[in-house]
Amino acid sequence: MIEIKKNVYWVGVKDWSLRQFHGHELSTHRGSTYNSYLIKDEKTVLVDTVWDPYKEEFAERLEKEVGLQNIDMIVINHIEPDHGGSLGYIMSKIPNTPIYCTKNGADIIKRHFHQDWNFNIVKTGDSVKIGEYELIFVEMQMLHWPDSLLTYVKGPNVALSNDAFGQHYSPASLFNDEVDTCELYQEAIKYYANILTPFSPLIKKKVEQIKALNLPIEMIAPSHGVIWRENPMQIVEKYYEWSQDYNEGTVVIVYDTMYKATKKMAEAIGEGLAKHNVMFKMYDNSITDQSDLLTELFKAKGMIIGSCTVNNTVLRSIAGLLDEIKGHKFKNKIGAAFGSYGWSGEAAKVISKHLEEAGIKVAAEPIQFRYVPTDEELLQCVEFGESFAKALGE
């Protein structure tokens, strides 16, 4: 147990070796943490649990530190297994303990564990006195599940925010003022880009609602990564910025290729962007971490995507990326398509169509060349890049 504020303790688990999350969907190069919190007041309150592979270790620690029978209530801010996975094991030891959660939370908990425990349904503005301290609840629906909840501990003024404001990051320290700030923000924006981007309009409204509550927030303690102890509202302001069609004015060129023809086109397009001093990054999608790439696309203003044609469509890595782009609902970005082909030539058109369907403004007709592009055709790719750079500034 680590005391993070008077009588508020971190009782979570650090998973240093975690490298993939949400199945195999999200890369976690720096591990992660499963942050659970314990409040010792007149009532002892457990807020969230940990992922179920750690349930026995978690229960043993709670038994040693406070005694499971001494836990008066459990708050479940979010029942996704990385937060609520140990709940079933804990409840097998203390089955009558009241659980505080949203209505959606109770419904989902029942679907996970098939138990009808002592649920106490809360909504925004509801509160519970636990002694000197008071818990105030704020619904965070679709950040990023329907059951999401923030629990504010009045007294120490700590916001236990669950997934909001977190990172998949497991450094030596638990606190933001004791870690590498560059690493911290790399992981914070990656977390937002990959998990929360589709819900950006809701996040903007929720941040405005939290500010309107006028709760003094001295610490933000999420369920993954470090605790925001120094200037905690900095991450709230970043979420507000990221939620509003965020971009850094850059361009990402992504391609997949069989025999390097599409790669040559990508490099020539990059030359065109550079002529207009447009900062860009280039990725071979077949060998690029998709979570890192989606973070770069989130930060970019423009995306130029290329593939050679195979079986009358794009290469499989590009097909998957186009689905990801659509699912993330990026806003206020422009795009274009390019590619090489042998005889039928559908790939660039397929990409362009998918970008339009994903809400990306297509800035130019797709450019494509047959087999290996000539020097003259590569010059046309340079011009394509220049034209895109001009569209970027419009």
# chains A, B, ... in the order shown; residues from 1 in each chain; ligands from 1

$ residues_around --residues "Glu56 of chain A" --least-positions-apart "3" --cutoff "10 Å" --atoms "only C-alpha atoms" --output "list in words"
Asp52, Pro53, Ala59, Glu60, Arg61, Leu62, Ser86, Tyr89 and Ile90 of chain A

$ closest_atom_pairs --of "segment 97-163 of chain A" --to "segment 44-49 of chain A" --cutoff "9 Å" --atoms "only C-alpha atoms" --output "tab-separated table"
residue	atom	partner	partner_atom	distance
A:Ile130	CA	A:Thr44	CA	7.8
A:Thr151	CA	A:Val47	CA	8.4
A:Leu160	CA	A:Val47	CA	8.1
A:Asn162	CA	A:Asp48	CA	8.2

$ write_last_selection --atoms "N, CA and C atoms" --output "CSV table (one decimal), in the first residue's frame"
chain,number,residue,atom,x,y,z
A,130,ILE,N,-18.6,8.9,4.2
A,130,ILE,CA,-17.9,7.7,4.7
A,130,ILE,C,-17.2,8.1,6.0
A,151,THR,N,-15.2,8.9,-9.4
A,151,THR,CA,-15.5,9.1,-7.9
A,151,THR,C,-14.6,10.1,-7.4
A,160,LEU,N,-10.8,10.0,-8.6
A,160,LEU,CA,-10.5,8.7,-9.0
A,160,LEU,C,-11.2,8.5,-10.3
A,162,ASN,N,-10.7,6.5,-13.1
A,162,ASN,CA,-10.7,5.2,-13.9
A,162,ASN,C,-10.0,5.4,-15.2

$ residues_around --residues "Gln20 of chain A" --least-positions-apart "4" --cutoff "12 Å" --atoms "only C-alpha atoms" --output "MDAnalysis selection string"
chainID A and resid 15:16 24:32 168 289:291

$ write_last_selection --atoms "C-alpha atoms" --output "compact mmCIF listing (two decimals), in the first residue's frame"
# COMPACT_ATOMS: atom_id res chain seq x y z
CA ASP A 15 2.58 -5.05 -14.82
CA TRP A 16 6.08 -4.28 -16.09
CA HIS A 24 -3.68 -7.97 -29.19
CA GLU A 25 -5.16 -4.65 -30.33
CA LEU A 26 -3.01 -2.15 -28.43
CA SER A 27 0.74 -2.11 -27.92
CA THR A 28 2.06 -1.26 -24.46
CA HIS A 29 5.81 -0.79 -24.86
CA ARG A 30 6.27 0.49 -21.32
CA GLY A 31 3.97 -1.93 -19.50
CA SER A 32 0.98 -0.74 -17.51
CA HIS A 168 -0.44 2.41 -20.28
CA ASP A 289 3.14 -0.98 -34.90
CA GLN A 290 -0.51 -0.07 -35.53
CA SER A 291 -1.09 1.61 -32.17

$ residues_around --residues "segment 351-361 of chain A" --least-positions-apart "2" --cutoff "6 Å" --atoms "only C-alpha atoms" --output "MDAnalysis selection string"
chainID A and resid 326 333:335 337 348:349

$ write_last_selection --atoms "N, CA and C atoms" --output "tab-separated table (two decimals), in the first residue's frame"
chain	number	residue	atom	x	y	z
A	326	LYS	N	-11.58	4.44	-40.08
A	326	LYS	CA	-13.03	4.65	-40.04
A	326	LYS	C	-13.55	4.51	-38.62
A	333	LYS	N	-9.50	16.32	-40.96
A	333	LYS	CA	-8.26	15.88	-41.59
A	333	LYS	C	-8.49	15.72	-43.10
A	334	ILE	N	-7.42	15.85	-43.86
A	334	ILE	CA	-7.52	15.64	-45.30
A	334	ILE	C	-6.67	14.43	-45.68
A	335	GLY	N	-7.00	13.84	-46.83
A	335	GLY	CA	-6.29	12.65	-47.24
A	335	GLY	C	-6.16	12.54	-48.74
A	337	ALA	N	-4.78	9.30	-51.93
A	337	ALA	CA	-4.40	7.91	-52.16
A	337	ALA	C	-3.45	7.80	-53.34
A	348	ALA	N	-5.69	2.27	-55.43
A	348	ALA	CA	-5.73	3.69	-55.07
A	348	ALA	C	-7.17	4.19	-55.00
A	349	LYS	N	-8.02	3.71	-55.91
A	349	LYS	CA	-9.43	4.12	-55.90
A	349	LYS	C	-10.14	3.57	-54.65

$ residues_around --residues "Glu187 of chain A" --least-positions-apart "4" --cutoff "7 Å" --atoms "only C-alpha atoms" --output "ChimeraX atom specification"
/A:167-169,183,191

$ write_last_selection --atoms "C-alpha atoms" --output "mmCIF file, in the first residue's frame"
data_model
loop_
_atom_site.group_PDB
_atom_site.id
_atom_site.type_symbol
_atom_site.label_atom_id
_atom_site.label_comp_id
_atom_site.auth_asym_id
_atom_site.auth_seq_id
_atom_site.Cartn_x
_atom_site.Cartn_y
_atom_site.Cartn_z
ATOM 1 C CA GLN A 167 -1.818 5.883 -19.682
ATOM 2 C CA HIS A 168 -0.444 2.406 -20.281
ATOM 3 C CA TYR A 169 2.782 3.199 -18.481
ATOM 4 C CA GLU A 183 7.496 9.517 -21.861
ATOM 5 C CA TYR A 191 -3.891 6.189 -24.873
#

$ closest_residue --among "A:Gln141, A:Asn96, A:Asn157, A:Asn285" --to "Val8 of chain A" --atoms "only C-alpha atoms"
A:Asn157

$ residues_around --residues "segment 224-240 of chain A" --least-positions-apart "2" --cutoff "8 Å" --atoms "only C-alpha atoms" --output "PDB file with N, CA and C atoms, in the first residue's frame"
ATOM      1  N   SER A  32       2.138  -1.471 -17.994  1.00  0.00           N
ATOM      2  CA  SER A  32       0.977  -0.737 -17.507  1.00  0.00           C
ATOM      3  C   SER A  32       0.820  -0.996 -16.018  1.00  0.00           C
ATOM      4  N   THR A  33      -0.157  -0.328 -15.434  1.00  0.00           N
ATOM      5  CA  THR A  33      -0.531  -0.594 -14.049  1.00  0.00           C
ATOM      6  C   THR A  33      -2.036  -0.786 -13.983  1.00  0.00           C
ATOM      7  N   TYR A  34      -2.476  -1.520 -12.980  1.00  0.00           N
ATOM      8  CA  TYR A  34      -3.895  -1.666 -12.687  1.00  0.00           C
ATOM      9  C   TYR A  34      -4.090  -1.010 -11.322  1.00  0.00           C
ATOM     10  N   ASN A  35      -4.564   0.209 -11.343  1.00  0.00           N
ATOM     11  CA  ASN A  35      -4.623   1.015 -10.126  1.00  0.00           C
ATOM     12  C   ASN A  35      -5.954   0.816  -9.401  1.00  0.00           C
ATOM     13  N   ASN A 162     -10.702   6.462 -13.127  1.00  0.00           N
ATOM     14  CA  ASN A 162     -10.690   5.235 -13.903  1.00  0.00           C
ATOM     15  C   ASN A 162      -9.958   5.426 -15.229  1.00  0.00           C
ATOM     16  N   ASP A 163     -10.562   5.085 -16.375  1.00  0.00           N
ATOM     17  CA  ASP A 163      -9.823   5.135 -17.641  1.00  0.00           C
ATOM     18  C   ASP A 163      -9.485   6.559 -18.080  1.00  0.00           C
ATOM     19  N   PHE A 165      -7.923  10.013 -18.343  1.00  0.00           N
ATOM     20  CA  PHE A 165      -6.662  10.653 -17.919  1.00  0.00           C
ATOM     21  C   PHE A 165      -5.554   9.656 -17.599  1.00  0.00           C
ATOM     22  N   GLY A 166      -5.723   8.397 -18.044  1.00  0.00           N
ATOM     23  CA  GLY A 166      -4.714   7.379 -17.771  1.00  0.00           C
ATOM     24  C   GLY A 166      -3.729   7.183 -18.901  1.00  0.00           C
ATOM     25  N   GLN A 167      -2.832   6.254 -18.691  1.00  0.00           N
ATOM     26  CA  GLN A 167      -1.818   5.883 -19.682  1.00  0.00           C
ATOM     27  C   GLN A 167      -1.427   4.431 -19.437  1.00  0.00           C
ATOM     28  N   HIS A 168      -1.062   3.720 -20.475  1.00  0.00           N
ATOM     29  CA  HIS A 168      -0.444   2.406 -20.281  1.00  0.00           C
ATOM     30  C   HIS A 168       1.050   2.656 -20.102  1.00  0.00           C
ATOM     31  N   TYR A 169       1.441   2.728 -18.829  1.00  0.00           N
ATOM     32  CA  TYR A 169       2.782   3.199 -18.481  1.00  0.00           C
ATOM     33  C   TYR A 169       3.096   2.700 -17.082  1.00  0.00           C
ATOM     34  N   SER A 170       4.241   2.057 -16.922  1.00  0.00           N
ATOM     35  CA  SER A 170       4.620   1.526 -15.608  1.00  0.00           C
ATOM     36  C   SER A 170       6.045   1.958 -15.266  1.00  0.00           C
ATOM     37  N   PRO A 171       6.219   3.209 -14.863  1.00  0.00           N
ATOM     38  CA  PRO A 171       7.552   3.663 -14.439  1.00  0.00           C
ATOM     39  C   PRO A 171       7.814   3.304 -12.980  1.00  0.00           C
ATOM     40  N   SER A 173       8.042   5.329 -10.394  1.00  0.00           N
ATOM     41  CA  SER A 173       7.230   6.111  -9.473  1.00  0.00           C
ATOM     42  C   SER A 173       5.765   6.083  -9.876  1.00  0.00           C
ATOM     43  N   LEU A 174       4.904   6.360  -8.918  1.00  0.00           N
ATOM     44  CA  LEU A 174       3.467   6.443  -9.187  1.00  0.00           C
ATOM     45  C   LEU A 174       3.013   7.855  -9.558  1.00  0.00           C
ATOM     46  N   PHE A 175       3.909   8.849  -9.477  1.00  0.00           N
ATOM     47  CA  PHE A 175       3.467  10.242  -9.561  1.00  0.00           C
ATOM     48  C   PHE A 175       4.086  10.970 -10.753  1.00  0.00           C
ATOM     49  N   ASN A 176       3.288  11.867 -11.356  1.00  0.00           N
ATOM     50  CA  ASN A 176       3.714  12.528 -12.588  1.00  0.00           C
ATOM     51  C   ASN A 176       4.939  13.414 -12.412  1.00  0.00           C
ATOM     52  N   ASP A 177       5.149  13.957 -11.217  1.00  0.00           N
ATOM     53  CA  ASP A 177       6.301  14.832 -10.996  1.00  0.00           C
ATOM     54  C   ASP A 177       7.586  14.059 -10.752  1.00  0.00           C
ATOM     55  N   TYR A 192      -5.111   8.208 -25.461  1.00  0.00           N
ATOM     56  CA  TYR A 192      -6.270   8.955 -25.958  1.00  0.00           C
ATOM     57  C   TYR A 192      -6.536   8.592 -27.417  1.00  0.00           C
ATOM     58  N   ILE A 203     -16.267  13.640 -24.764  1.00  0.00           N
ATOM     59  CA  ILE A 203     -15.210  14.050 -23.839  1.00  0.00           C
ATOM     60  C   ILE A 203     -15.219  15.557 -23.656  1.00  0.00           C
ATOM     61  N   LYS A 204     -15.386  16.282 -24.745  1.00  0.00           N
ATOM     62  CA  LYS A 204     -15.436  17.752 -24.661  1.00  0.00           C
ATOM     63  C   LYS A 204     -16.561  18.185 -23.721  1.00  0.00           C
ATOM     64  N   VAL A 207     -15.721  17.201 -19.990  1.00  0.00           N
ATOM     65  CA  VAL A 207     -14.744  18.098 -19.362  1.00  0.00           C
ATOM     66  C   VAL A 207     -15.423  19.404 -18.962  1.00  0.00           C
ATOM     67  N   ILE A 217      -9.853  20.096  -7.356  1.00  0.00           N
ATOM     68  CA  ILE A 217      -9.161  18.842  -7.652  1.00  0.00           C
ATOM     69  C   ILE A 217      -7.671  19.025  -7.384  1.00  0.00           C
ATOM     70  N   GLU A 218      -7.176  18.337  -6.361  1.00  0.00           N
ATOM     71  CA  GLU A 218      -5.767  18.419  -5.999  1.00  0.00           C
ATOM     72  C   GLU A 218      -4.966  17.239  -6.535  1.00  0.00           C
ATOM     73  N   MET A 219      -5.662  16.209  -6.985  1.00  0.00           N
ATOM     74  CA  MET A 219      -4.983  15.024  -7.502  1.00  0.00           C
ATOM     75  C   MET A 219      -5.956  14.265  -8.396  1.00  0.00           C
ATOM     76  N   ILE A 220      -5.461  13.760  -9.529  1.00  0.00           N
ATOM     77  CA  ILE A 220      -6.244  12.893 -10.405  1.00  0.00           C
ATOM     78  C   ILE A 220      -5.559  11.533 -10.425  1.00  0.00           C
ATOM     79  N   ALA A 221      -6.283  10.523  -9.973  1.00  0.00           N
ATOM     80  CA  ALA A 221      -5.732   9.177  -9.854  1.00  0.00           C
ATOM     81  C   ALA A 221      -6.490   8.239 -10.794  1.00  0.00           C
ATOM     82  N   PRO A 222      -5.959   7.999 -12.001  1.00  0.00           N
ATOM     83  CA  PRO A 222      -6.628   7.108 -12.950  1.00  0.00           C
ATOM     84  C   PRO A 222      -6.364   5.648 -12.637  1.00  0.00           C
ATOM     85  N   TRP A 242      -7.359  17.841 -27.036  1.00  0.00           N
ATOM     86  CA  TRP A 242      -7.368  16.680 -27.929  1.00  0.00           C
ATOM     87  C   TRP A 242      -8.767  16.357 -28.432  1.00  0.00           C
ATOM     88  N   SER A 243      -9.790  16.733 -27.681  1.00  0.00           N
ATOM     89  CA  SER A 243     -11.168  16.378 -28.059  1.00  0.00           C
ATOM     90  C   SER A 243     -11.725  17.260 -29.165  1.00  0.00           C
ATOM     91  N   GLN A 244     -10.997  18.293 -29.547  1.00  0.00           N
ATOM     92  CA  GLN A 244     -11.529  19.272 -30.502  1.00  0.00           C
ATOM     93  C   GLN A 244     -10.781  19.208 -31.838  1.00  0.00           C
TER      94      GLN A 244
END

$ atom_distance --atom1 "atom CA of Asn311 of chain A" --atom2 "atom CA of Glu296 of chain A"
29.0 Å

$ select_by_dssp --residues "segment 123-298 of chain A" --states "strand (DSSP E or B)" --output "MDAnalysis selection string"
chainID A and resid 127:129 134:139 149:154 158:162 175 219:222 227:228 250:256 280:284

$ residues_around --residues "segment 278-282 of chain A" --least-positions-apart "6" --cutoff "6 Å" --atoms "only C-alpha atoms" --output "JSON, numbers by chain"
{"A": [250, 251, 252, 253, 254]}
